[in-house]
file query.pdb (PDB, C-alpha atoms and all ligand atoms)
MODEL        1
ATOM      1  CA  MET A1269     -13.894   9.567   7.121
ATOM      2  CA  ASN A1270     -14.050   6.566   9.408
ATOM      3  CA  ALA A1271     -11.162   4.108   9.832
ATOM      4  CA  LEU A1272     -12.339   1.671   7.136
ATOM      5  CA  ASP A1273     -12.814   4.480   4.614
ATOM      6  CA  ILE A1274      -9.304   5.712   5.433
ATOM      7  CA  ILE A1275      -7.857   2.215   4.908
ATOM      8  CA  ARG A1276      -9.739   1.851   1.584
ATOM      9  CA  SER A1277      -8.561   5.249   0.451
ATOM     10  CA  GLU A1278      -4.939   4.411   1.358
ATOM     11  CA  HIS A1279      -5.278   1.136  -0.557
ATOM     12  CA  ARG A1280      -6.426   3.081  -3.623
ATOM     13  CA  SER A1281      -3.348   5.322  -3.412
ATOM     14  CA  LEU A1282      -1.120   2.269  -3.026
ATOM     15  CA  SER A1283      -2.840   0.484  -5.922
ATOM     16  CA  ALA A1284      -2.316   3.459  -8.183
ATOM     17  CA  VAL A1285       1.368   3.622  -7.294
ATOM     18  CA  LEU A1286       1.809  -0.137  -7.769
ATOM     19  CA  HIS A1287       0.103   0.083 -11.143
ATOM     20  CA  THR A1288       2.384   2.941 -12.175
ATOM     21  CA  LEU A1289       5.395   0.875 -11.116
ATOM     22  CA  GLN A1290       4.183  -2.077 -13.212
ATOM     23  CA  VAL A1291       3.474   0.009 -16.301
ATOM     24  CA  LEU A1292       6.916   1.661 -16.129
ATOM     25  CA  ALA A1293       8.686  -1.712 -15.828
ATOM     26  CA  ARG A1294       6.556  -3.422 -18.507
ATOM     27  CA  SER A1295       6.969  -0.567 -20.929
ATOM     28  CA  ALA A1296      10.764  -0.532 -20.409
ATOM     29  CA  ARG A1297      10.852  -4.294 -21.043
ATOM     30  CA  GLU A1298       8.709  -4.100 -24.182
ATOM     31  CA  ARG A1299      10.389  -1.069 -25.709
ATOM     32  CA  ARG A1300      13.886  -2.127 -24.572
ATOM     33  CA  VAL A1301      14.427   1.394 -23.246
ATOM     34  CA  ALA A1302      15.712   2.239 -19.758
ATOM     35  CA  PRO A1303      12.915   3.278 -17.385
ATOM     36  CA  ASP A1304      12.926   6.537 -15.451
ATOM     37  CA  PHE A1305      15.068   5.291 -12.558
ATOM     38  CA  ALA A1306      14.561   8.441 -10.473
ATOM     39  CA  LEU A1307      10.779   7.919 -10.658
ATOM     40  CA  LEU A1308      11.138   4.234  -9.755
ATOM     41  CA  ARG A1309      13.164   5.222  -6.672
ATOM     42  CA  LEU A1310      10.579   7.830  -5.703
ATOM     43  CA  ILE A1311       7.939   5.104  -5.862
ATOM     44  CA  VAL A1312      10.035   2.776  -3.699
ATOM     45  CA  ASP A1313      10.521   5.577  -1.145
ATOM     46  CA  TYR A1314       6.761   6.133  -1.085
ATOM     47  CA  LEU A1315       6.075   2.427  -0.587
ATOM     48  CA  ASP A1316       8.696   2.263   2.142
ATOM     49  CA  SER A1317       7.397   5.217   4.119
ATOM     50  CA  PHE A1318       3.672   5.360   3.407
ATOM     51  CA  HIS A1319       2.888   1.682   3.095
ATOM     52  CA  GLN A1320       5.285   0.125   5.575
ATOM     53  CA  ARG A1321       5.689   2.783   8.272
ATOM     54  CA  PHE A1322       2.337   4.590   8.095
ATOM     55  CA  HIS A1323      -0.345   2.226   6.772
ATOM     56  CA  HIS A1324       0.633  -1.156   8.269
ATOM     57  CA  PRO A1325       1.115  -0.037  11.908
ATOM     58  CA  LYS A1326      -2.364   1.522  12.019
ATOM     59  CA  GLU A1327      -3.958  -1.683  10.732
ATOM     60  CA  VAL A1328      -2.156  -3.841  13.278
ATOM     61  CA  GLY A1329      -2.351  -1.483  16.260
ATOM     62  CA  HIS A1330      -6.048  -0.702  15.975
ATOM     63  CA  LEU A1331      -8.082  -2.830  13.558
ATOM     64  CA  PHE A1332      -6.365  -6.213  13.931
ATOM     65  CA  LYS A1333      -6.009  -5.748  17.680
ATOM     66  CA  ALA A1334      -9.707  -5.006  18.187
ATOM     67  CA  LEU A1335     -10.718  -7.911  15.965
ATOM     68  CA  ARG A1336      -8.550 -10.334  17.918
ATOM     69  CA  GLY A1337     -10.318  -9.225  21.078
ATOM     70  CA  ARG A1338     -13.764 -10.026  19.611
ATOM     71  CA  THR A1339     -13.426 -13.194  17.562
ATOM     72  CA  GLY A1340     -11.166 -16.169  16.971
ATOM     73  CA  GLU A1341     -12.513 -16.556  13.437
ATOM     74  CA  ALA A1342      -9.669 -14.917  11.540
ATOM     75  CA  GLN A1343      -6.670 -15.621  13.781
ATOM     76  CA  GLY A1344      -4.794 -17.499  11.047
ATOM     77  CA  THR A1345      -5.472 -14.818   8.452
ATOM     78  CA  LEU A1346      -4.460 -12.004  10.808
ATOM     79  CA  ALA A1347      -1.219 -13.844  11.661
ATOM     80  CA  ARG A1348      -0.508 -14.261   7.941
ATOM     81  CA  LEU A1349      -1.184 -10.571   7.221
ATOM     82  CA  GLU A1350       1.181  -9.554  10.022
ATOM     83  CA  ARG A1351       3.858 -11.907   8.689
ATOM     84  CA  GLU A1352       3.386 -10.266   5.293
ATOM     85  CA  HIS A1353       3.814  -6.804   6.836
ATOM     86  CA  ALA A1354       7.112  -7.996   8.327
ATOM     87  CA  GLU A1355       8.130  -9.618   5.037
ATOM     88  CA  SER A1356       7.410  -6.442   3.073
ATOM     89  CA  ASP A1357      10.699  -4.827   4.114
ATOM     90  CA  ALA A1358      12.723  -7.665   2.611
ATOM     91  CA  ARG A1359      10.582  -7.663  -0.542
ATOM     92  CA  LEU A1360      11.061  -3.938  -0.953
ATOM     93  CA  ALA A1361      14.825  -4.378  -0.501
ATOM     94  CA  VAL A1362      14.772  -6.919  -3.362
ATOM     95  CA  LEU A1363      12.900  -4.401  -5.531
ATOM     96  CA  ARG A1364      15.343  -1.624  -4.648
ATOM     97  CA  GLY A1365      18.250  -3.961  -5.447
ATOM     98  CA  ALA A1366      16.736  -4.868  -8.829
ATOM     99  CA  ILE A1367      16.329  -1.175  -9.740
ATOM    100  CA  ASP A1368      19.987  -0.506  -8.832
ATOM    101  CA  ALA A1369      21.104  -3.579 -10.769
ATOM    102  CA  ALA A1370      19.053  -2.617 -13.840
ATOM    103  CA  GLN A1371      20.557   0.853 -13.836
ATOM    104  CA  SER A1372      24.120  -0.441 -13.533
ATOM    105  CA  GLY A1373      23.480  -3.100 -16.178
ATOM    106  CA  ALA A1374      23.934  -5.975 -13.719
ATOM    107  CA  CYS A1375      20.408  -7.211 -14.444
ATOM    108  CA  GLY A1376      18.234  -6.904 -17.534
ATOM    109  CA  LEU A1377      14.859  -5.224 -18.045
ATOM    110  CA  ASP A1378      13.124  -8.634 -18.149
ATOM    111  CA  GLU A1379      14.407  -9.429 -14.686
ATOM    112  CA  LEU A1380      13.450  -6.001 -13.350
ATOM    113  CA  ALA A1381       9.903  -6.413 -14.716
ATOM    114  CA  SER A1382       9.638  -9.869 -13.085
ATOM    115  CA  VAL A1383      10.684  -8.505  -9.691
ATOM    116  CA  VAL A1384       8.166  -5.662 -10.050
ATOM    117  CA  GLU A1385       5.350  -8.097 -10.989
ATOM    118  CA  ALA A1386       6.109 -10.329  -7.994
ATOM    119  CA  TYR A1387       6.167  -7.370  -5.610
ATOM    120  CA  ALA A1388       2.921  -5.848  -6.931
ATOM    121  CA  ASP A1389       1.147  -9.210  -6.954
ATOM    122  CA  PHE A1390       2.152  -9.856  -3.338
ATOM    123  CA  GLN A1391       0.871  -6.454  -2.198
ATOM    124  CA  TRP A1392      -2.372  -6.734  -4.160
ATOM    125  CA  ARG A1393      -3.182 -10.138  -2.678
ATOM    126  CA  HIS A1394      -2.476  -8.708   0.758
ATOM    127  CA  MET A1395      -4.798  -5.715   0.293
ATOM    128  CA  ARG A1396      -7.494  -7.919  -1.237
ATOM    129  CA  THR A1397      -7.463 -10.216   1.801
ATOM    130  CA  GLU A1398      -7.864  -7.184   4.051
ATOM    131  CA  GLU A1399     -10.729  -5.749   2.008
ATOM    132  CA  ASP A1400     -12.556  -8.995   1.203
ATOM    133  CA  LEU A1401     -12.118 -10.902   4.484
ATOM    134  CA  ILE A1402     -10.902  -8.778   7.362
ATOM    135  CA  MET A1403     -12.853  -5.568   6.867
ATOM    136  CA  PRO A1404     -16.250  -7.282   6.385
ATOM    137  CA  LEU A1405     -15.537  -9.444   9.445
ATOM    138  CA  ALA A1406     -14.692  -6.311  11.443
ATOM    139  CA  GLU A1407     -17.946  -4.708  10.294
ATOM    140  CA  ARG A1408     -19.837  -7.757  11.597
ATOM    141  CA  GLU A1409     -17.972  -8.349  14.843
ATOM    142  CA  LEU A1410     -16.827  -5.027  16.291
ATOM    143  CA  SER A1411     -19.033  -3.035  18.633
ATOM    144  CA  SER A1412     -19.853   0.652  18.328
ATOM    145  CA  GLU A1413     -17.431   1.306  21.238
ATOM    146  CA  ASP A1414     -14.695  -0.518  19.289
ATOM    147  CA  TRP A1415     -15.377   1.630  16.230
ATOM    148  CA  GLN A1416     -15.416   4.802  18.240
ATOM    149  CA  ARG A1417     -11.965   3.972  19.620
ATOM    150  CA  ILE A1418     -10.569   2.926  16.222
ATOM    151  CA  ASP A1419     -12.050   5.868  14.322
ATOM    152  CA  THR A1420     -10.694   8.299  16.936
ATOM    153  CA  ALA A1421      -7.212   6.779  16.678
ATOM    154  CA  PHE A1422      -7.257   6.979  12.870
ATOM    155  CA  ALA A1423      -8.416  10.604  12.959
ATOM    156  CA  ASP A1424      -5.840  11.794  15.532
ATOM    157  CA  ASP A1425      -4.470  14.786  13.645
ATOM    158  CA  ASP A1426      -1.825  15.574  16.265
ATOM    159  CA  ASP A1427      -0.168  12.164  16.313
ATOM    160  CA  PRO A1428       3.493  12.755  15.289
ATOM    161  CA  ASP A1429       3.650   9.463  13.365
ATOM    162  CA  PHE A1430       0.172   9.338  11.861
ATOM    163  CA  GLY A1431      -1.283  12.865  12.130
ATOM    164  CA  THR A1432      -1.867  15.744   9.726
ATOM    165  CA  ALA A1433       1.785  16.712   9.221
ATOM    166  CA  ARG A1434       2.768  13.178   8.275
ATOM    167  CA  ARG A1435      -0.245  12.769   5.964
ATOM    168  CA  GLU A1436       0.674  16.014   4.217
ATOM    169  CA  GLU A1437       4.236  14.730   3.687
ATOM    170  CA  TYR A1438       2.887  11.595   1.943
ATOM    171  CA  ARG A1439       0.417  13.630  -0.098
ATOM    172  CA  ARG A1440       3.332  15.715  -1.426
ATOM    173  CA  LEU A1441       5.361  12.605  -2.213
ATOM    174  CA  LEU A1442       2.408  11.110  -4.086
ATOM    175  CA  ALA A1443       1.873  14.392  -5.964
ATOM    176  CA  SER A1444       5.516  14.341  -6.966
ATOM    177  CA  ILE A1445       5.155  10.784  -8.338
ATOM    178  CA  ALA A1446       2.011  11.859 -10.211
ATOM    179  CA  GLU A1447       3.823  14.825 -11.687
ATOM    180  CA  HIS A1448       6.590  12.650 -13.124
ATOM    181  CA  ALA A1449       4.496   9.644 -14.184
ATOM    182  CA  PRO A1450       3.546   9.495 -17.844
ATOM    183  CA  PRO A1451      -0.194  10.056 -18.472
ATOM    184  CA  PRO A1452      -2.661   8.439 -18.080
ATOM    185  CA  LEU A1453      -1.138   6.868 -14.980
ATOM    186  CA  LEU A1454      -1.108   9.098 -11.941
ATOM    187  CA  GLY A1455      -1.099  12.220 -14.031
ATOM    188  CA  SER A1456      -4.830  12.632 -13.572
ATOM    189  CA  GLY A1457      -4.261  13.492  -9.912
ATOM    190  CA  GLY A1458      -6.064  10.488  -8.558
ATOM    191  CA  ALA A1459      -9.255  10.643 -10.580
ATOM    192  CA  GLY A1460      -8.137   8.280 -13.318
ATOM    193  CA  PRO A1461      -9.151   4.700 -14.046
ATOM    194  CA  TYR A1462      -6.336   3.207 -11.964
ATOM    195  CA  TRP A1463      -7.678   4.439  -8.650
ATOM    196  CA  GLN A1464      -9.716   1.323  -8.193
ATOM    197  CA  LYS A1465     -10.162  -1.364  -5.606
ATOM    198  CA  PRO A1466      -6.908  -3.352  -5.236
ATOM    199  CA  GLY A1467      -6.418  -6.044  -7.819
ATOM    200  CA  ARG A1468      -9.318  -5.005 -10.029
TER     201      ARG A1468
HETATM  202 FE    FE A1501      -1.869  -4.737   5.686
HETATM  203 FE    FE A1502      -3.691  -2.530   4.127
ENDMDL
END

call {"tool": "encode", "arguments": {"input": "query.pdb", "output": "structure tokens"}}
result
Amino acid sequence: MNALDIIRSEHRSLSAVLHTLQVLARSARERRVAPDFALLRLIVDYLDSFHQRFHHPKEVGHLFKALRGRTGEAQGTLARLEREHAESDARLAVLRGAIDAAQSGACGLDELASVVEAYADFQWRHMRTEEDLIMPLAERELSSEDWQRIDTAFADDDDPDFGTARREEYRRLLASIAEHAPPPLLGSGGAGPYWQKPGR
């Protein structure tokens, strides 16, 4: 897989997890029944590690960097995407806080579902901007030498932060979420209808 295919594939995993999060919160709100808090926390841990510490740094360090070196066309958008990466930590902390508060009874299921919707919407918009604006621009502007460098960096299996061992750790975490999610969410092992392009 080349770098763009890897990014798209990671977005599909993230979309599926975000969708699972939304369905759990919506269903709890509608049925007035407490959600599976352990599963919600597993999802937050996955978002924290896979999305924030694994996915974002590769985008910034390789794709965004190369694009900045080739064109001034998307400088504002790239700056916004990087601000959103930085903002994601605080947004995830709000989500974690809402899950804790819902479990202790300090906030209701309506409020939890609202926080979940806001978080998922923010992340979907972010991924859609990357897929609809930044990736096509990169395909137009970057040279074959750029792609060779980026693809090599994305495929570096020995990298302690981004290599095979780390990918395997995230795959296990995702499998664990899938195992506990009610069908037909992630229970299909990634082949289900929710593994779609972000926001669709
Ligand atoms: Fe991003
Ligand atoms: Fe992304």

call {"tool": "resolve_selection", "arguments": {"input": "query.pdb", "expression": "the PyMOL selection byres (((chain A and resi 1422) around 8) and not hetatm)", "output": "list in words"}}
result
Asn1270, Ala1271, Ile1274, Lys1326, Ile1418, Asp1419, Thr1420, Ala1421, Ala1423, Asp1424 and Phe1430 of chain A

call {"tool": "resolve_selection", "arguments": {"input": "query.pdb", "expression": "the PyMOL selection byres (((not hetatm)) within 10 of (chain A and resi 1501))", "output": "ChimeraX atom specification"}}
result
/A:1275,1279,1319-1320,1323-1328,1332,1346,1348-1354,1356,1391,1394-1399

call {"tool": "closest_atom_pairs", "arguments": {"input": "query.pdb", "of": "range 1277-1351 of chain A", "to": "range 1365-1380 of chain A", "cutoff": "10 Å", "atoms": "all atoms listed in the file", "output": "JSON lines"}}
result
{"residue": "A:Ala1293", "atom": "CA", "partner": "A:Leu1380", "partner_atom": "CA", "distance": 6.9}
{"residue": "A:Arg1294", "atom": "CA", "partner": "A:Asp1378", "partner_atom": "CA", "distance": 8.4}
{"residue": "A:Ser1295", "atom": "CA", "partner": "A:Leu1377", "partner_atom": "CA", "distance": 9.6}
{"residue": "A:Ala1296", "atom": "CA", "partner": "A:Leu1377", "partner_atom": "CA", "distance": 6.7}
{"residue": "A:Arg1297", "atom": "CA", "partner": "A:Leu1377", "partner_atom": "CA", "distance": 5.1}
{"residue": "A:Glu1298", "atom": "CA", "partner": "A:Asp1378", "partner_atom": "CA", "distance": 8.7}
{"residue": "A:Arg1299", "atom": "CA", "partner": "A:Leu1377", "partner_atom": "CA", "distance": 9.8}
{"residue": "A:Arg1300", "atom": "CA", "partner": "A:Leu1377", "partner_atom": "CA", "distance": 7.3}
{"residue": "A:Val1301", "atom": "CA", "partner": "A:Leu1377", "partner_atom": "CA", "distance": 8.4}
{"residue": "A:Ala1302", "atom": "CA", "partner": "A:Leu1377", "partner_atom": "CA", "distance": 7.7}
{"residue": "A:Pro1303", "atom": "CA", "partner": "A:Leu1377", "partner_atom": "CA", "distance": 8.7}
{"residue": "A:Asp1304", "atom": "CA", "partner": "A:Gln1371", "partner_atom": "CA", "distance": 9.7}
{"residue": "A:Phe1305", "atom": "CA", "partner": "A:Ile1367", "partner_atom": "CA", "distance": 7.2}
{"residue": "A:Ala1306", "atom": "CA", "partner": "A:Ile1367", "partner_atom": "CA", "distance": 9.8}
{"residue": "A:Leu1308", "atom": "CA", "partner": "A:Ile1367", "partner_atom": "CA", "distance": 7.5}
{"residue": "A:Arg1309", "atom": "CA", "partner": "A:Ile1367", "partner_atom": "CA", "distance": 7.8}
{"residue": "A:Val1312", "atom": "CA", "partner": "A:Ile1367", "partner_atom": "CA", "distance": 9.6}

call {"tool": "closest_residue", "arguments": {"input": "query.pdb", "among": "A:Gln1290, A:Met1269, A:Leu1335, A:Ala1358", "to": "Ala1449 in chain A", "atoms": "all atoms listed in the file"}}
result
A:Gln1290

call {"tool": "atom_distance", "arguments": {"input": "query.pdb", "atom1": "CA of Arg1417 in chain A", "atom2": "CA of Arg1338 in chain A"}}
result
14.1 Å
